[in-house]
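For reference, the structure discussed in these notes is given below.
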Amino acid sequence: MSRFRQRAVLIGCVLAAALAVAGLFVTDYGIDPDLWLTGLALGFLALLAALDPWLHRKRAAGLATDANLDAAANDLVKALRGQWNEECRARDLSEHLLDLHWSAVEGEPGHSDAVVGSFLRSSRMVFLGEPGAGKSTTVMLLTLGMLDRHADGSPVPFLLPLSTWDPDEEDVRTWMTRRLYEDHPALRNTELYGSYAGDLLVEQRRVFPVLDGLDQIPADRRADAVDRINRAFPHTVPLVLTCRTDEFAETDAHVVAANVVQLQPLDHEEIAGYLRSTSDPVAAARWEPIFLHLRDEPDGRLAEALSTPLAVWLAGGVYAYGEPSELLDRTRFPDRRAIEDHLVDALVGSAFGDRGAAHQARASQVWPRDRAQRWLAFLAREMNARGVRELGWWDLRRSVGRTWLAFLGALVLGLIGGFGVMWLMAYASTPDLAPITGLGAGLAVAVAALYASGQRSVKPRLGVWRSLLVVSGVLGGAAGLVFGALYGLSAGLVVGLGIAVAVALRFALGTTAELSHPSSPQWTMSRDRVAVWTGSLVLAVVFGAAAGLVFGPHQTGMVGLGLACGLMLGFTLSVLHLRWWWYTVARIWLALRGRLPWELTVFLDDARKLGVLRQAGAAYQFRHALVQDRLASGTRERVRSSA
């Protein structure tokens with residue numbers, strides 16, 4: 001639905017609920033409740049018919065037109081620009097950025113300040129470099145620069161980590177389309193963008209790939225991956241690819257018509273200039289012995305270790321208040337690897353447990369250093385075990401055994417749903433049947449939860465399942481007939497209308513109307529939470545009103561009891577097919593075992609603000625693969641550093 005129709009459905013649902021309550025409790029004017037509810041139900045269905053996107057399918061069900069795709073591309077540019085601008089601010093790249101240089105295998109050398117111009121001249125580039133050389137940052141700046149220069153009809157850059165692609169399972173364009181829908185689900189809005197907008201954006205080359213990290217694909221599959229990329233994106237299609245130098249050479253493959261550039265190491269003047277610009281006068285003075293050493297030994301172990309932007313950034317952050325001259329100790333730091341490991345360990349150690357660092361990074365709270373390191377190490381090991389560099393909150397369920405997760409989730413939901421039904425029936429007209437009814441309801445909910453626990457890809461329902469009117473009317477009518485036959489016409493009308501309102505709200509709140517909001521972990525999670533609590537509250541009101549109508553004349557407190565029981569039952573029915581529930585089960589279970597903190601989302605957001613993590617769309621990544629691998633190895637420096 002468009003934003004107008006979405007808001008109209010929300011307003012209609014609120015009005016229907018308010019008028020239903022008014023008709024039930026305001027009887028001074030002699031209005032028959034049954035007549036009032038019948039008219040209200042018919043009016044609500046008429047409203048849904050007027051707003052139903054499926055009934056307007058002549059305009060929306062066809063393939064996206066050129067105008068639809070132009071609108072989708074322009075809105076996608078806005079969302080991506082907001083996403084990457086926010087990430088640049090989080091990494092402090094707007095004020096402190098090293099100007100990286102590169103040499104070209106064929107063509108002119110260049111530097112990162114002019115990366116957009118270099119790309120416009122060649123349209124296909126491969127960035128090579130050592131770990132931490134700045135490949136990911138360079139292509140992120142290239143993506144942002146191309147988004148700022150985007151004109152109507154020009155392709156949109158879409159930055160993706162190749163660690164999430166399995167060449168044996170998916171074609172690269174299929175994977176790219178899937179990621180486009182996952183990060184920007186509003187592309188499924190057929191009224192605004194037509195059908196299959198995301199597919200057509202990729203198929204018609206309106207989106208071009210910026211692929212980061214070919215080295216993250218297993219070595220035996222890299223050559224095949226490059227071949228698949230060449231066939232999917234021929235020489236006329238813009239393309240960007242990054243890879244580590246040695247891994248690209250071992251692949252023994254080439255990207256067709258691409259300008260291959262090699263990011264060069266930093267020299268001692270660039271290192272000194274960056275550290276002086278990012279340090280206060282006192283801290284800058286402490287760096288002078290290091291600068292002298294780099295000038296005297298330009299090919300030494302310390303110069304080699306600090307030759308990458310990652311290492312220089314780590315050193316600047318680690319020794320903002322420490323004594324960097326300890327890096328001159330050849331006994332503690334005999335080679336480049338020892339220095340890099342020390343800087344990574346010090347980054348994680350100094351980021352947590354320091355109130356000053358947390359305040360400077362605007363972190364919400366101070367996390368215990370030892371626990372934070374243990375939590376991050378657990379996440380790093382889990383990601384390494386799956387061979388991925390992205391941490392999506394919905395993938396946390398993979399850290400718990402599938403069988404165990406399904407059992408825990410089904411058990412909790414079965415207990416909640418069964419207890420809610422049993423509690424209500426215990427005070428109803430048939431209390432003797434309460435245990436049996438509760439047990440049956442709990443088993444039904446548990447079975448449904450076991451079925452929903454499977455990690456299946458969710459495909460959009462087409463045809464009549466898009467109909468707001470049909471789905472709401474059928475489900476509401478069925479529930480109303482059952483309750484009407486058991487407890488009378490008024491109860492049936494209340495329950496039927498309430499179910500119809502709940503379904504309509506799920507339609508309106510279940511998807512994003514437009515591509516207006518940058519993708520982020522918090523935003524994607526909030527969409528699931530809104531759907532959960534909306535469905536729960538609506539069903540709570542429905543059951544509360546039904547309990548008041550059916551049992552109110554004979555017993556007091558039934559409205560409140562119906563609200564409580566309806567809230568529990570509504571919760572169980574709302575969370576079955578949502579990723580948020582299975583994430584919550586996994587998070588609580590892992591927190592009980594000490595593997596992760598209770599406030600996991602807050603911790604991950606603070607780790608991003610403290611520089612340990614970075615954000616890529618709806619997922620997190622460690623600041624660099626070196627940080628992830630070091631934490632996953634389980635070996636950290638035990639010698640206390642002056643940092």
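In the structure tokens, chains take the letters A, B, ... in the order shown, each chain's residues start at 1, and ligands count up from 1 in the order shown.
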
Problem set entry | Nearby residues (only C-alpha atoms) at most 10 Å from Glu108 of chain A, same-chain spacing under 2 positions excluded, as a list in words |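 Selected residues are Trp102, Ser103, Ala104, Val105, Glu106, Gly110, Ser118, Asn259 and Val261 of chain A.
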
Write a file of the just-selected residues containing N, CA, C and O atoms, as an mmCIF file, in the first residue's frame.
```cif
data_model
loop_
_atom_site.group_PDB
_atom_site.id
_atom_site.type_symbol
_atom_site.label_atom_id
_atom_site.label_comp_id
_atom_site.auth_asym_id
_atom_site.auth_seq_id
_atom_site.Cartn_x
_atom_site.Cartn_y
_atom_site.Cartn_z
ATOM 1 N N TRP A 102 47.074 4.604 -4.995
ATOM 2 C CA TRP A 102 47.162 3.301 -5.622
ATOM 3 C C TRP A 102 47.925 3.384 -6.937
ATOM 4 O O TRP A 102 48.022 4.446 -7.557
ATOM 5 N N SER A 103 48.467 2.256 -7.320
ATOM 6 C CA SER A 103 49.093 2.099 -8.625
ATOM 7 C C SER A 103 48.210 1.196 -9.462
ATOM 8 O O SER A 103 47.520 0.321 -8.931
ATOM 9 N N ALA A 104 48.194 1.416 -10.759
ATOM 10 C CA ALA A 104 47.329 0.670 -11.661
ATOM 11 C C ALA A 104 48.159 -0.276 -12.514
ATOM 12 O O ALA A 104 49.250 0.072 -12.972
ATOM 13 N N VAL A 105 47.640 -1.488 -12.704
ATOM 14 C CA VAL A 105 48.298 -2.440 -13.584
ATOM 15 C C VAL A 105 48.307 -1.901 -15.009
ATOM 16 O O VAL A 105 49.317 -1.950 -15.716
ATOM 17 N N GLU A 106 47.165 -1.399 -15.452
ATOM 18 C CA GLU A 106 47.050 -0.747 -16.753
ATOM 19 C C GLU A 106 46.283 0.553 -16.544
ATOM 20 O O GLU A 106 45.118 0.541 -16.205
ATOM 21 N N GLY A 110 46.204 6.673 -8.959
ATOM 22 C CA GLY A 110 45.179 7.560 -8.426
ATOM 23 C C GLY A 110 45.217 7.595 -6.920
ATOM 24 O O GLY A 110 46.109 7.018 -6.284
ATOM 25 N N SER A 118 38.015 8.446 -11.031
ATOM 26 C CA SER A 118 38.689 7.282 -11.612
ATOM 27 C C SER A 118 37.679 6.238 -12.055
ATOM 28 O O SER A 118 37.832 5.623 -13.113
ATOM 29 N N ASN A 259 39.760 -2.134 -14.536
ATOM 30 C CA ASN A 259 41.013 -1.473 -14.191
ATOM 31 C C ASN A 259 41.434 -1.969 -12.814
ATOM 32 O O ASN A 259 40.791 -1.656 -11.814
ATOM 33 N N VAL A 261 43.675 -1.970 -9.637
ATOM 34 C CA VAL A 261 44.551 -1.032 -8.934
ATOM 35 C C VAL A 261 45.010 -1.660 -7.625
ATOM 36 O O VAL A 261 44.290 -2.448 -7.004
#
```

For this session: Extract, using only C-alpha atoms, all DNA, RNA and protein residues at most 8 Å from Phe571 of chain A, discarding same-chain residues fewer than 2 positions from it, and format them as a count of residues only.
Result: 10

Problem set entry | segment 194-208 of chain A environment, 8 Å, only C-alpha atoms, sequence neighbours closer than 3 positions dropped, as a list of chain:residue names |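 The contact residues come out as A:Ala60, A:Ala61, A:Gly62, A:Leu63, A:Ala64, A:Thr65, A:Asn68, A:Leu69, A:Ala72, A:Ala73, A:Gly153, A:Ser154, A:Pro155, A:Val156, A:Pro157, A:Phe158, A:Arg173, A:Met176, A:Thr177, A:Leu180, A:Tyr181, A:Leu187, A:Arg188, A:Asn189, A:Thr190, A:Glu191, A:Val237, A:Pro238, A:Leu239.
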
Just C-alpha atoms for this one: save the residues we selected as a PDB file, in the first residue's frame.
```pdb
ATOM      1  CA  ALA A  60      -0.418  -2.752  -9.362  1.00  0.00           C
ATOM      2  CA  ALA A  61      -0.256  -6.401 -10.371  1.00  0.00           C
ATOM      3  CA  GLY A  62       1.542  -5.928 -13.695  1.00  0.00           C
ATOM      4  CA  LEU A  63       5.288  -5.829 -14.083  1.00  0.00           C
ATOM      5  CA  ALA A  64       6.921  -2.609 -12.994  1.00  0.00           C
ATOM      6  CA  THR A  65       6.963  -0.008 -15.735  1.00  0.00           C
ATOM      7  CA  ASN A  68       7.872   2.546 -11.519  1.00  0.00           C
ATOM      8  CA  LEU A  69      11.520   1.568 -11.793  1.00  0.00           C
ATOM      9  CA  ALA A  72      12.176   2.802  -7.105  1.00  0.00           C
ATOM     10  CA  ALA A  73      15.728   3.717  -8.147  1.00  0.00           C
ATOM     11  CA  GLY A 153      18.484   6.760 -15.505  1.00  0.00           C
ATOM     12  CA  SER A 154      21.994   6.122 -14.178  1.00  0.00           C
ATOM     13  CA  PRO A 155      22.663   2.860 -12.304  1.00  0.00           C
ATOM     14  CA  VAL A 156      22.611   2.800  -8.503  1.00  0.00           C
ATOM     15  CA  PRO A 157      25.645   1.391  -6.635  1.00  0.00           C
ATOM     16  CA  PHE A 158      24.754  -1.404  -4.211  1.00  0.00           C
ATOM     17  CA  ARG A 173      22.230 -11.888  -9.634  1.00  0.00           C
ATOM     18  CA  MET A 176      21.981  -9.678  -5.266  1.00  0.00           C
ATOM     19  CA  THR A 177      18.198  -9.515  -5.796  1.00  0.00           C
ATOM     20  CA  LEU A 180      18.063  -6.050  -2.218  1.00  0.00           C
ATOM     21  CA  TYR A 181      14.669  -7.248  -0.936  1.00  0.00           C
ATOM     22  CA  LEU A 187      10.556  -2.712  -2.930  1.00  0.00           C
ATOM     23  CA  ARG A 188       7.682  -5.220  -2.699  1.00  0.00           C
ATOM     24  CA  ASN A 189       5.213  -2.319  -2.619  1.00  0.00           C
ATOM     25  CA  THR A 190       3.470  -3.082  -5.904  1.00  0.00           C
ATOM     26  CA  GLU A 191       1.250  -0.007  -5.813  1.00  0.00           C
ATOM     27  CA  VAL A 237      28.045  -3.127 -16.935  1.00  0.00           C
ATOM     28  CA  PRO A 238      29.653  -1.053 -14.123  1.00  0.00           C
ATOM     29  CA  LEU A 239      31.320  -3.226 -11.499  1.00  0.00           C
TER      30      LEU A 239
END
```

Exercise. Quick one: of A:Val126, A:Leu292, A:Leu475, A:Ala452, who's nearest to Cys243 of chain A, counting only C-alpha atoms?
Worked result: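 Distance minimum relative to Cys243 of chain A lands on A:Val126.
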
Problem set entry | All alpha helix (DSSP H) positions in segment 5-248 of chain A, as a ChimeraX atom specification | /A:5-25,33-51,57-60,66-90,115-122,135-148,172-183,190-193,197-203,219-232,245-248

For this session: Calculate how many Å separate atom CA of Phe248 of chain A from atom CA of Ala377 of chain A, rounding to one decimal.
Result: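 So the two atoms, atom CA of Phe248 of chain A and atom CA of Ala377 of chain A, lie 28.6 Å apart.
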